[in-house]
Structure formats: structure tokens, C-alpha cells
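*Asks:* Enclosed is the structure file upload-v1.tsv (TSV, C-alpha atoms).
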chain	number	residue	atom	x	y	z
A	1	MET	CA	19.33	-21.82	130.68
A	2	VAL	CA	16.24	-20.92	128.66
A	3	LEU	CA	16.92	-18.71	125.63
A	4	LEU	CA	14.54	-15.84	124.69
A	5	LYS	CA	11.71	-16.74	127.05
A	6	MET	CA	8.36	-14.96	126.65
A	7	LYS	CA	5.00	-15.07	128.44
A	8	PHE	CA	1.94	-16.11	126.39
A	9	THR	CA	-1.65	-15.73	127.51
A	10	GLN	CA	-4.46	-17.64	125.78
A	11	GLN	CA	-5.35	-14.58	123.71
A	12	ARG	CA	-1.72	-14.04	122.72
A	13	ARG	CA	-1.34	-17.69	121.67
A	14	VAL	CA	-4.44	-17.40	119.48
A	15	ARG	CA	-3.08	-14.26	117.83
A	16	LEU	CA	0.28	-15.94	117.28
A	17	ALA	CA	-1.39	-18.97	115.70
A	18	GLN	CA	-3.52	-16.77	113.42
A	19	GLY	CA	-0.58	-14.61	112.35
A	20	LEU	CA	1.59	-17.65	111.79
A	21	TRP	CA	-1.14	-19.26	109.68
A	22	LEU	CA	-1.13	-16.25	107.36
A	23	LEU	CA	2.67	-16.19	107.31
A	24	SER	CA	2.75	-19.90	106.46
A	25	TRP	CA	0.55	-19.40	103.41
A	26	LEU	CA	2.70	-16.45	102.39
A	27	SER	CA	5.67	-18.81	102.59
A	28	VAL	CA	3.79	-21.33	100.44
A	29	MET	CA	3.43	-18.66	97.76
A	30	CYS	CA	7.12	-17.76	98.19
A	31	GLY	CA	7.96	-21.43	97.66
A	32	ALA	CA	5.96	-21.39	94.42
A	33	PHE	CA	7.84	-18.24	93.40
A	34	ILE	CA	11.20	-19.89	94.09
A	35	PHE	CA	10.17	-22.95	92.08
A	36	CYS	CA	9.04	-20.84	89.10
A	37	LEU	CA	12.25	-18.85	89.33
A	38	GLY	CA	14.27	-22.05	89.13
A	39	VAL	CA	12.23	-23.29	86.16
A	40	TYR	CA	12.72	-20.01	84.29
A	41	LEU	CA	16.48	-19.99	84.93
A	42	LYS	CA	16.70	-23.67	83.90
A	43	ILE	CA	14.89	-22.96	80.62
A	44	GLU	CA	17.17	-20.01	79.85
A	45	LEU	CA	20.25	-22.15	80.44
A	46	LEU	CA	18.89	-24.99	78.30
A	47	ARG	CA	18.21	-22.56	75.46
A	48	ARG	CA	21.95	-21.84	75.26
A	49	ALA	CA	23.11	-25.40	75.99
A	50	GLU	CA	24.68	-25.67	72.51
A	51	VAL	CA	27.15	-22.89	73.31
A	52	MET	CA	28.05	-24.22	76.78
A	53	ASP	CA	30.74	-26.81	77.39
A	54	ASN	CA	29.33	-28.16	80.68
A	55	THR	CA	26.24	-27.93	82.87
A	56	GLU	CA	27.77	-27.11	86.26
A	57	ILE	CA	25.84	-23.85	86.46
A	58	HIS	CA	22.59	-25.87	86.34
A	59	VAL	CA	23.06	-26.67	90.03
A	60	VAL	CA	21.61	-23.22	90.85
A	61	PRO	CA	18.18	-23.71	89.18
A	62	ASN	CA	18.10	-27.35	90.31
A	63	ILE	CA	18.44	-26.30	93.96
A	64	LEU	CA	15.87	-23.53	93.48
A	65	MET	CA	13.30	-25.97	92.09
A	66	MET	CA	13.96	-28.54	94.83
A	67	VAL	CA	13.81	-25.95	97.63
A	68	GLY	CA	10.68	-24.38	96.14
A	69	LEU	CA	8.77	-27.66	96.16
A	70	ALA	CA	10.01	-28.56	99.65
A	71	SER	CA	9.08	-25.10	100.93
A	72	ILE	CA	5.52	-25.50	99.66
A	73	GLY	CA	5.17	-28.79	101.54
A	74	THR	CA	6.77	-27.72	104.82
A	75	ASN	CA	4.85	-24.45	105.07
A	76	TRP	CA	1.58	-26.21	104.31
A	77	VAL	CA	2.36	-28.48	107.27
A	78	ALA	CA	3.06	-25.36	109.38
A	79	SER	CA	-0.39	-23.98	108.52
A	80	ARG	CA	-2.00	-27.24	109.68
A	81	VAL	CA	-0.05	-27.11	112.93
A	82	CYS	CA	-1.35	-23.58	113.54
A	83	GLN	CA	-4.94	-24.76	113.12
A	84	ASP	CA	-4.48	-27.72	115.47
A	85	SER	CA	-2.64	-25.63	118.10
A	86	LEU	CA	-6.01	-24.21	119.18
A	87	ASP	CA	-7.33	-27.72	119.91
A	88	ALA	CA	-5.71	-29.44	122.88
A	89	SER	CA	-6.84	-32.87	121.66
A	90	ARG	CA	-5.31	-32.55	118.16
A	91	PHE	CA	-2.03	-30.74	118.81
A	92	PRO	CA	-0.13	-33.61	120.56
A	93	ARG	CA	-0.03	-35.66	117.34
A	94	TRP	CA	2.40	-33.11	115.85
A	95	LYS	CA	4.93	-33.35	118.68
A	96	VAL	CA	7.18	-35.98	117.05
A	97	LEU	CA	6.80	-34.59	113.54
A	98	LEU	CA	7.73	-31.05	114.55
A	99	LEU	CA	11.32	-32.04	115.31
A	100	ALA	CA	11.77	-33.26	111.73
A	101	TRP	CA	9.95	-30.14	110.50
A	102	PHE	CA	12.41	-27.81	112.22
A	103	VAL	CA	15.35	-29.73	110.76
A	104	VAL	CA	13.91	-29.55	107.22
A	105	ALA	CA	13.05	-25.85	107.56
A	106	ALA	CA	16.56	-25.02	108.76
A	107	LEU	CA	18.03	-27.07	105.90
A	108	LEU	CA	15.91	-25.15	103.37
A	109	CYS	CA	17.22	-21.86	104.70
A	110	CYS	CA	20.79	-23.14	104.39
A	111	LEU	CA	20.15	-24.30	100.81
A	112	LEU	CA	18.73	-20.90	99.85
A	113	ILE	CA	21.82	-19.21	101.27
A	114	ALA	CA	23.94	-21.68	99.27
A	115	VAL	CA	22.08	-20.64	96.09
A	116	VAL	CA	22.99	-17.00	96.66
A	117	VAL	CA	26.63	-17.93	97.27
A	118	LEU	CA	26.80	-20.27	94.25
A	119	SER	CA	25.34	-17.60	91.98
A	120	TYR	CA	28.51	-15.58	92.50
A	121	ALA	CA	30.98	-18.43	93.03
A	122	LEU	CA	30.16	-20.16	89.73
A	123	GLN	CA	30.72	-17.08	87.57
A	124	GLY	CA	34.22	-18.29	86.65
A	125	ARG	CA	32.92	-21.74	85.70
A	126	LEU	CA	30.17	-20.17	83.60
A	127	GLU	CA	32.68	-17.99	81.78
A	128	GLU	CA	34.96	-20.95	81.02
A	129	SER	CA	32.00	-23.04	79.84
A	130	LEU	CA	30.86	-20.29	77.47
A	131	LYS	CA	34.41	-19.73	76.23
A	132	VAL	CA	34.82	-23.35	75.13
A	133	GLY	CA	31.24	-23.74	73.93
A	134	LEU	CA	31.27	-20.60	71.77
A	135	ARG	CA	34.67	-21.51	70.35
A	136	ASN	CA	33.31	-24.88	69.24
A	137	GLY	CA	30.12	-23.29	67.97
A	138	ILE	CA	32.05	-20.90	65.72
A	139	ARG	CA	34.28	-23.74	64.53
A	140	PHE	CA	31.28	-25.89	63.56
A	141	TYR	CA	29.34	-22.97	62.05
A	142	LYS	CA	29.93	-24.27	58.51
A	143	ASP	CA	28.89	-27.88	59.22
A	144	THR	CA	25.28	-27.49	58.11
A	145	ASP	CA	25.33	-30.94	56.47
A	146	VAL	CA	26.89	-32.80	59.43
A	147	PRO	CA	24.43	-34.71	61.70
A	148	GLY	CA	24.31	-33.17	65.17
A	149	ARG	CA	25.70	-29.83	63.93
A	150	CYS	CA	23.22	-28.90	61.21
A	151	PHE	CA	21.53	-26.30	63.45
A	152	GLN	CA	24.77	-24.79	64.75
A	153	LYS	CA	24.76	-22.00	62.13
A	154	GLU	CA	21.20	-20.98	62.98
A	155	THR	CA	21.99	-21.05	66.71
A	156	ILE	CA	25.03	-18.79	66.36
A	157	ASP	CA	23.28	-16.38	63.98
A	158	ARG	CA	20.25	-16.01	66.26
A	159	LEU	CA	22.51	-15.63	69.28
A	160	GLN	CA	24.54	-12.83	67.68
A	161	MET	CA	21.44	-10.97	66.53
A	162	GLU	CA	19.56	-11.36	69.83
A	163	PHE	CA	22.45	-10.32	72.08
A	164	ARG	CA	23.95	-7.84	69.58
A	165	CYS	CA	27.36	-9.48	69.74
A	166	CYS	CA	29.91	-10.97	67.36
A	167	GLY	CA	32.35	-13.85	67.83
A	168	ASN	CA	33.63	-15.24	71.10
A	169	ASN	CA	35.73	-12.31	72.32
A	170	ASN	CA	35.08	-9.98	69.34
A	171	PHE	CA	34.42	-10.09	65.57
A	172	ARG	CA	38.08	-10.90	64.83
A	173	ASP	CA	37.47	-14.47	66.04
A	174	TRP	CA	35.81	-15.19	62.69
A	175	PHE	CA	39.10	-14.43	60.90
A	176	GLU	CA	40.69	-17.53	62.52
A	177	VAL	CA	38.18	-20.18	61.38
A	178	GLN	CA	36.74	-21.34	58.09
A	179	TRP	CA	33.08	-20.47	58.46
A	180	VAL	CA	32.10	-21.02	54.80
A	181	SER	CA	31.35	-24.64	53.91
A	182	ASN	CA	33.33	-26.30	51.09
A	183	ARG	CA	30.00	-26.95	49.37
A	184	PHE	CA	29.76	-23.26	48.55
A	185	LEU	CA	33.35	-22.74	47.38
A	186	ASP	CA	34.34	-22.65	43.71
A	187	PHE	CA	37.59	-24.61	43.70
A	188	THR	CA	38.22	-23.59	40.09
A	189	SER	CA	38.54	-19.98	41.22
A	190	LYS	CA	42.10	-18.67	41.53
A	191	ASP	CA	41.23	-16.66	44.66
A	192	VAL	CA	39.87	-19.74	46.40
A	193	LYS	CA	42.91	-21.82	45.46
A	194	ASP	CA	45.32	-19.12	46.62
A	195	ARG	CA	43.63	-18.73	49.99
A	196	ILE	CA	43.61	-22.47	50.64
A	197	ARG	CA	47.27	-22.84	49.59
A	198	SER	CA	48.33	-19.92	51.74
A	199	ASN	CA	47.04	-21.68	54.85
A	200	VAL	CA	49.09	-24.52	56.37
A	201	ASP	CA	45.90	-26.36	57.41
A	202	GLY	CA	44.32	-26.02	53.98
A	203	ARG	CA	41.44	-23.90	55.30
A	204	TYR	CA	39.62	-21.16	53.48
A	205	LEU	CA	40.12	-18.18	55.82
A	206	LEU	CA	38.52	-14.78	55.29
A	207	ASP	CA	38.85	-11.39	56.86
A	208	GLY	CA	35.07	-11.35	57.00
A	209	VAL	CA	32.17	-12.19	59.30
A	210	PRO	CA	28.64	-13.67	58.95
A	211	PHE	CA	25.74	-11.34	58.26
A	212	SER	CA	24.49	-11.70	61.85
A	213	CYS	CA	27.44	-9.60	63.05
A	214	CYS	CA	26.21	-6.52	61.20
A	215	ASN	CA	25.03	-3.67	63.39
A	216	PRO	CA	21.76	-2.22	62.05
A	217	ALA	CA	22.56	1.03	63.86
A	218	SER	CA	25.51	1.62	61.52
A	219	PRO	CA	24.99	4.61	59.17
A	220	ARG	CA	26.53	2.76	56.22
A	221	PRO	CA	25.57	-0.54	54.57
A	222	CYS	CA	26.96	-3.65	56.20
A	223	LEU	CA	30.52	-4.59	55.27
A	224	GLN	CA	31.14	-8.31	55.75
A	225	HIS	CA	34.21	-9.05	53.64
A	226	GLN	CA	37.72	-7.62	53.26
A	227	LEU	CA	37.35	-5.89	56.58
A	228	THR	CA	41.11	-5.44	57.06
A	229	ASP	CA	41.64	-3.87	53.63
A	230	ASN	CA	41.11	-0.11	53.82
A	231	SER	CA	41.46	0.24	50.03
A	232	ALA	CA	38.63	-2.21	49.33
A	233	HIS	CA	35.97	0.21	50.60
A	234	TYR	CA	35.48	3.92	50.07
A	235	ASN	CA	36.04	6.18	53.08
A	236	TYR	CA	36.79	3.22	55.31
A	237	ASN	CA	39.26	2.76	58.17
A	238	TYR	CA	39.60	-0.75	59.62
A	239	GLN	CA	40.90	0.50	62.98
A	240	ALA	CA	38.10	2.98	63.55
A	241	GLU	CA	35.12	1.56	61.65
A	242	GLU	CA	33.71	-0.60	64.44
A	243	LEU	CA	30.18	0.78	64.35
A	244	ASN	CA	29.57	-1.30	61.23
A	245	LEU	CA	29.80	-4.53	63.33
A	246	TYR	CA	28.95	-5.47	66.87
A	247	SER	CA	32.08	-4.83	68.88
A	248	ARG	CA	31.14	-6.86	71.97
A	249	GLY	CA	31.90	-10.58	72.08
A	250	CYS	CA	29.08	-13.06	72.70
A	251	ARG	CA	30.82	-14.60	75.72
A	252	GLN	CA	30.75	-11.32	77.62
A	253	ALA	CA	27.19	-10.63	76.45
A	254	LEU	CA	25.97	-14.00	77.76
A	255	ILE	CA	27.89	-13.67	81.03
A	256	ASP	CA	26.34	-10.24	81.63
A	257	TYR	CA	22.89	-11.62	80.81
A	258	TYR	CA	23.08	-14.65	83.10
A	259	MET	CA	24.79	-12.82	85.95
A	260	ASP	CA	22.19	-10.04	85.82
A	261	LEU	CA	19.50	-12.73	85.88
A	262	MET	CA	21.06	-14.48	88.88
A	263	ASN	CA	21.84	-11.25	90.71
A	264	SER	CA	18.24	-10.14	90.29
A	265	THR	CA	17.10	-13.32	92.04
A	266	GLY	CA	19.31	-12.53	95.05
A	267	PRO	CA	16.99	-10.01	96.77
A	268	GLY	CA	13.98	-12.26	96.16
A	269	VAL	CA	15.75	-15.31	97.59
A	270	LEU	CA	16.96	-13.34	100.62
A	271	SER	CA	13.40	-12.12	101.26
A	272	VAL	CA	12.16	-15.71	101.17
A	273	ILE	CA	14.91	-16.70	103.62
A	274	LEU	CA	13.76	-14.01	106.09
A	275	ILE	CA	10.13	-15.12	105.78
A	276	GLN	CA	11.10	-18.78	106.25
A	277	ILE	CA	13.16	-17.94	109.35
A	278	SER	CA	10.20	-15.97	110.72
A	279	VAL	CA	7.93	-18.99	110.27
A	280	LEU	CA	10.49	-21.27	111.92
A	281	LEU	CA	10.95	-19.04	115.01
A	282	SER	CA	7.24	-18.27	115.37
A	283	LEU	CA	6.28	-21.93	115.15
A	284	ARG	CA	8.85	-22.77	117.82
A	285	TYR	CA	7.35	-20.16	120.16
A	286	LEU	CA	3.86	-21.47	119.43
A	287	GLN	CA	4.90	-25.07	120.04
A	288	THR	CA	6.56	-24.40	123.41
A	289	ALA	CA	3.76	-22.06	124.56
A	290	VAL	CA	1.01	-24.60	123.76
A	291	GLU	CA	2.97	-27.49	125.30
A	292	GLY	CA	3.56	-25.37	128.42
A	293	ALA	CA	-0.15	-24.68	128.77
A	294	MET	CA	-0.95	-28.38	128.35
A	295	ALA	CA	1.64	-29.28	130.98
A	296	LEU	CA	-0.10	-26.93	133.44
A	297	GLU	CA	-3.37	-28.75	132.65
A	298	ASN	CA	-4.90	-25.35	131.99
A	299	PRO	CA	-5.24	-24.69	128.24
A	300	GLU	CA	-6.51	-21.16	128.91
A	301	GLY	CA	-3.79	-20.21	131.36
A	302	THR	CA	-0.58	-18.25	130.89
A	303	SER	CA	2.41	-20.25	129.68
A	304	GLU	CA	6.01	-19.64	128.68
A	305	GLY	CA	7.32	-19.83	125.14
A	306	TYR	CA	10.99	-20.03	124.24
A	307	LEU	CA	13.35	-20.95	121.42
A	308	LEU	CA	15.75	-23.20	123.30
A	309	GLU	CA	15.03	-24.86	126.62
A	310	LYS	CA	18.75	-25.41	127.24
A	311	GLY	CA	22.00	-23.96	125.95
A	312	LEU	CA	23.12	-24.37	122.37
A	313	LYS	CA	25.49	-27.25	123.14
A	314	GLU	CA	22.97	-29.17	125.24
A	315	THR	CA	20.23	-28.61	122.67
A	316	PHE	CA	22.45	-29.89	119.87
A	317	GLU	CA	23.22	-33.05	121.83
A	318	ASP	CA	19.51	-33.63	122.55
A	319	VAL	CA	18.53	-33.13	118.89
A	320	LYS	CA	21.29	-35.50	117.83
A	321	ALA	CA	20.11	-38.16	120.28
A	322	ASN	CA	16.47	-37.77	119.21
A	323	LEU	CA	17.39	-38.10	115.55
A	324	LEU	CA	19.38	-41.25	116.26
A	325	ASN	CA	16.42	-42.70	118.15
A	326	MET	CA	14.11	-41.90	115.24
A	327	LEU	CA	16.49	-43.62	112.84
A	328	LYS	CA	16.64	-46.70	115.07
A	329	PHE	CA	12.86	-46.78	115.44
A	330	GLY	CA	11.36	-49.78	113.71
A	331	GLN	CA	14.64	-51.68	113.41
A	332	VAL	CA	14.52	-55.27	114.66
A	333	ASP	CA	16.99	-56.13	117.38
A	334	PRO	CA	18.79	-59.32	116.30
A	335	THR	CA	19.12	-60.39	119.96
A	336	ASP	CA	15.32	-60.67	120.11
A	337	THR	CA	15.05	-63.09	117.20
A	338	GLU	CA	18.25	-65.05	117.49
A	339	GLU	CA	19.40	-66.82	120.64
A	340	SER	CA	23.03	-66.70	121.62
A	341	PRO	CA	25.00	-70.01	121.47
A	342	GLU	CA	25.49	-69.97	125.24
A	343	ALA	CA	21.74	-69.64	125.88
A	344	ALA	CA	20.94	-72.43	123.43
A	345	SER	CA	23.51	-74.74	125.10
A	346	ALA	CA	22.16	-73.99	128.57
A	347	GLU	CA	18.58	-74.69	127.46
A	348	LYS	CA	19.63	-77.99	125.87
A	349	ALA	CA	21.50	-79.06	129.02
A	350	ALA	CA	18.43	-78.24	131.15
A	351	ASP	CA	16.24	-80.42	128.92
A	352	ASN	CA	18.66	-83.33	129.20
A	353	THR	CA	18.74	-83.01	133.01
A	354	GLU	CA	14.94	-82.99	133.19
A	355	LYS	CA	14.69	-86.11	131.06
A	356	ALA	CA	17.28	-87.92	133.23
A	357	ALA	CA	15.45	-87.01	136.46
A	358	SER	CA	12.03	-88.22	135.25
A	359	PRO	CA	11.22	-91.91	136.16
A	360	PRO	CA	10.95	-94.43	133.31
A	361	PRO	CA	7.43	-95.54	132.40
A	362	ALA	CA	6.10	-98.71	134.06
A	363	SER	CA	6.17	-101.83	131.90
Spit out the file's structure as C-alpha cells when you get a sec.

*Replies:*
Amino acid sequence: MVLLKMKFTQQRRVRLAQGLWLLSWLSVMCGAFIFCLGVYLKIELLRRAEVMDNTEIHVVPNILMMVGLASIGTNWVASRVCQDSLDASRFPRWKVLLLAWFVVAALLCCLLIAVVVLSYALQGRLEESLKVGLRNGIRFYKDTDVPGRCFQKETIDRLQMEFRCCGNNNFRDWFEVQWVSNRFLDFTSKDVKDRIRSNVDGRYLLDGVPFSCCNPASPRPCLQHQLTDNSAHYNYNYQAEELNLYSRGCRQALIDYYMDLMNSTGPGVLSVILIQISVLLSLRYLQTAVEGAMALENPEGTSEGYLLEKGLKETFEDVKANLLNMLKFGQVDPTDTEESPEAASAEKAADNTEKAASPPPAS
């Protein structure tokens, strides 16, 4: 049972080889695009590594970079095969390598599909990572004199200004942590003492936020302190005056940013998958058509090209057997280098018999 059989004249094989050569180089450029896409996404994730609890989401750019480099190599090989397919003396050298090429090309397509799936499947893990990372970042905001955390304040401030967000979920998250370092507190002040004593953990809590939470689009000057006290500010309502600060939390802002970035890569990755599948199928037709013409001992004659010579089950078994043979190739058979005990005993007994049968030398 031959699947999708087609007739190929010499002219049609030449056109197929030429078109496939162009398509292979297009796939090389697509591989470079996929690699650059993975590098860009990796850099963006590393820029926010301080506000992420784990790096599980990095599997997406890692796969993109790996597949991009592999795609460049495999499609370059496909372009060389297209050139040699027009020369009957040079094409046979690719026969063994093409089996491995088809396996690698199919694996690349599967990995690209996995990237698209992982981009959506890991959204929950990304959200949890940002939740924990931002919570720790806000908690260590004040530790500007602690090694390893001295840049945490700058990171959070730049993050809130760049993404126009405040806190983890919202600006009220700053009310639950001490974000002012003890170095800048006057412990002789009655207000400072009262606030510390009123807290069971001895922390200096404020109903205020850092300056980076202020919304420049607000019509009034920024209000950072005593945000829950309506009497502390003129014509102010704590429940309604949200335009003064960014109302969106940074976790949601970052999730939207990264998911938009990953979702935008989806159409590009799917396009590359279609191109890669086109190269794979076209090269299979070219391979079988050229081999058919060589089998007829008439390189300019009409031959048949097909995708599968047998059914799917039989083809799978043949590919499996060929792969096993390739893996065994070059291995040394221990039976060739080591004699069995029975053979060694038989050879020794034969030597003893020969010595006993030979006459003794004359004295």
C-alpha cells in the first residue's frame, strides 16, 4: 500500500528540487527567527528574575533557542540534498543520512508544537512565581544596606514606573510591610514609637506607598502618606481617589506583558511549523522520485514519488528496525573477540590428540 503516490518526470523533479532549495533557505531564515525570538524572550525573563520565585517558564525560550539552531542546521542539509539530487553520482551518499534527517525534522516540529502548548500551560506557574517573587521584593524593599538585596528598592521602583503598577495585587499591599528602613526612622519621635508599639511584630507600618506608585496622570499632586485618612487631605476620599495612584497590581501587569509576548509568538511559530512540514514532505517526494529513477537505470525517465511505501504500521516497524541497526553499527560483538569455554576446551583437546599421534623424534 503506497500512500500519496505521484508521477515525476525529469523536468518535474528539477522543478521540485529548485523549489525545495528555495524553501529550505526560507526555513533557515525561519530558524534564525525562532532563535532570535527565544533569545529576546530569555532576556526579558532574566530582566525580571529578581521578582520571580522560580525559572520554570524559562523552558519556553530554551526550547525556542535549541529548535532554532537545530532548524538552521537541518534545513541547510536539505538545501545540499536538493543540489545533489540533480547528480546521480552524488545523491546516493545521502541515502543513510536522510533517515536521521526525517526523524530530526519531525522532532523539531513536535518541539515547536510543544512550545505553543507550554506558552499557555505555564501561565499558572508564571503567576505563582510572580506572586511569591513580588511579595518578597516588596518585603525586602527597605534592605538597601543588606548584601544581595541592596538593589531591590531600585528594581521595584523601576518596575512600578515602567509597568504603571503598584504593589503585588494593588497599592494596599504596601500597608502590610515596613518599607522604610530603620536607618531613616527617628526613634526619639513619639509618632514612630507609637507606630512600632502598636504592631505586634515591632514593625513601622504606614498607610502610605513609595513614590513610584504615583500616577503622573492624576490631576492633583501625589499623595503618598496617610492615604486612609480622609481628614488629612483637602477634598479627598480614600474610597474614590484611586487616580492618584496606580490601581493595577504589578503581578497582573507582568502576567499580561509576558502572556501577550508569548501569544504574539504563537502565529510566528505556527507559520514556521507549516514551512518545516512542507520541507519535510517535499524532500520525501524528491528522495523517492530520484531513487525510483535511479532504480530504473534511467535518470531522465519518469518515476514515482510517494510519502510512505507501506502502511503506517509497517513503516513504523521498518523505521524502528533501521534505527536499531544504526545504533548497533560499530559495536564490537564480544563473540568475535572472546572464545567460548567449550570452544577453547575442544581446541585444547585437539592439540593434545595431535601431539599424542605424532611419532617421537629418533635418538

*Asks:* Out of A:Trp101, A:Tyr236, A:Trp25, A:Trp179, which residue has the shortest atom-to-atom distance to Gly137 of chain A when counting all atoms listed in the file?

*Replies:*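 Among the listed residues, the smallest separation from Gly137 of chain A belongs to A:Trp179.
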
*Asks:* What are the closest atom pairs, with distances in Å to one decimal, for each residue of segment 77-182 of chain A lying within 10 Å of segment 257-260 of chain A, using only C-alpha atoms, rows by chain and rising residue number, as CSV?

*Replies:*
residue,atom,partner,partner_atom,distance
A:Ser119,CA,A:Met259,CA,7.7
A:Tyr120,CA,A:Met259,CA,8.0
A:Leu122,CA,A:Met259,CA,9.8
A:Gln123,CA,A:Met259,CA,7.5
A:Leu126,CA,A:Tyr258,CA,9.0
A:Phe163,CA,A:Tyr257,CA,8.8

*Asks:* Residues at most 12 Å from Asp229 of chain A, counting all atoms listed in the file, excluding those fewer than 2 positions away in the same chain, as a PyMOL selection string?

*Replies:* chain A and resi 206-208+223-227+231-239+241

*Asks:* Residues within 12 Å of (5.7, -22.6, 119.5), file coordinates, counting all atoms listed in the file: what are they? Give the list as a PyMOL selection string.

*Replies:* chain A and resi 5-8+12-14+16-17+20+78+81-82+85-86+91+94-95+98-99+102+278-293+303-309

*Asks:* Restricted to C-alpha atoms, what would the selected residues look like written as an mmCIF file, in the frame of the given file?

*Replies:*
data_model
loop_
_atom_site.group_PDB
_atom_site.id
_atom_site.type_symbol
_atom_site.label_atom_id
_atom_site.label_comp_id
_atom_site.auth_asym_id
_atom_site.auth_seq_id
_atom_site.Cartn_x
_atom_site.Cartn_y
_atom_site.Cartn_z
ATOM 1 C CA LYS A 5 11.710 -16.740 127.050
ATOM 2 C CA MET A 6 8.360 -14.960 126.650
ATOM 3 C CA LYS A 7 5.000 -15.070 128.440
ATOM 4 C CA PHE A 8 1.940 -16.110 126.390
ATOM 5 C CA ARG A 12 -1.720 -14.040 122.720
ATOM 6 C CA ARG A 13 -1.340 -17.690 121.670
ATOM 7 C CA VAL A 14 -4.440 -17.400 119.480
ATOM 8 C CA LEU A 16 0.280 -15.940 117.280
ATOM 9 C CA ALA A 17 -1.390 -18.970 115.700
ATOM 10 C CA LEU A 20 1.590 -17.650 111.790
ATOM 11 C CA ALA A 78 3.060 -25.360 109.380
ATOM 12 C CA VAL A 81 -0.050 -27.110 112.930
ATOM 13 C CA CYS A 82 -1.350 -23.580 113.540
ATOM 14 C CA SER A 85 -2.640 -25.630 118.100
ATOM 15 C CA LEU A 86 -6.010 -24.210 119.180
ATOM 16 C CA PHE A 91 -2.030 -30.740 118.810
ATOM 17 C CA TRP A 94 2.400 -33.110 115.850
ATOM 18 C CA LYS A 95 4.930 -33.350 118.680
ATOM 19 C CA LEU A 98 7.730 -31.050 114.550
ATOM 20 C CA LEU A 99 11.320 -32.040 115.310
ATOM 21 C CA PHE A 102 12.410 -27.810 112.220
ATOM 22 C CA SER A 278 10.200 -15.970 110.720
ATOM 23 C CA VAL A 279 7.930 -18.990 110.270
ATOM 24 C CA LEU A 280 10.490 -21.270 111.920
ATOM 25 C CA LEU A 281 10.950 -19.040 115.010
ATOM 26 C CA SER A 282 7.240 -18.270 115.370
ATOM 27 C CA LEU A 283 6.280 -21.930 115.150
ATOM 28 C CA ARG A 284 8.850 -22.770 117.820
ATOM 29 C CA TYR A 285 7.350 -20.160 120.160
ATOM 30 C CA LEU A 286 3.860 -21.470 119.430
ATOM 31 C CA GLN A 287 4.900 -25.070 120.040
ATOM 32 C CA THR A 288 6.560 -24.400 123.410
ATOM 33 C CA ALA A 289 3.760 -22.060 124.560
ATOM 34 C CA VAL A 290 1.010 -24.600 123.760
ATOM 35 C CA GLU A 291 2.970 -27.490 125.300
ATOM 36 C CA GLY A 292 3.560 -25.370 128.420
ATOM 37 C CA ALA A 293 -0.150 -24.680 128.770
ATOM 38 C CA SER A 303 2.410 -20.250 129.680
ATOM 39 C CA GLU A 304 6.010 -19.640 128.680
ATOM 40 C CA GLY A 305 7.320 -19.830 125.140
ATOM 41 C CA TYR A 306 10.990 -20.030 124.240
ATOM 42 C CA LEU A 307 13.350 -20.950 121.420
ATOM 43 C CA LEU A 308 15.750 -23.200 123.300
ATOM 44 C CA GLU A 309 15.030 -24.860 126.620
#

*Asks:* Using 3 Å of padding on each side, determine the axis-aligned box around all atoms of segment 264-276 of chain A present in the file and give its centre and edge lengths in Å to one decimal, as JSON.

*Replies:*
{"center_x": 14.7, "center_y": -14.4, "center_z": 98.3, "size_x": 15.2, "size_y": 14.8, "size_z": 22.0}

*Asks:* Tell me, in Å to one decimal, how far atom CA of Phe175 of chain A is from atom CA of Gln152 of chain A.

*Replies:*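 Distance between the two atoms: 18.1 Å.
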
*Asks:* Enter the distance from atom CA of Val177 of chain A to atom CA of Phe211 of chain A, in Å, rounded to one decimal.

*Replies:*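 Atom CA of Phe211 of chain A lies 15.6 Å from atom CA of Val177 of chain A.
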
*Asks:* Could you list, as number ranges by chain, every residue within 10 Å of Met262 of chain A, counting all atoms listed in the file and ignoring same-chain residues fewer than 6 positions away?

*Replies:* A: 37, 41, 60-61, 115-116, 118-120, 256

*Asks:* Could you state the separation of atom CA of Gly202 of chain A and atom CA of Ser189 of chain A in Å, given to one decimal place?

*Replies:*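 So the two atoms, atom CA of Gly202 of chain A and atom CA of Ser189 of chain A, lie 15.3 Å apart.
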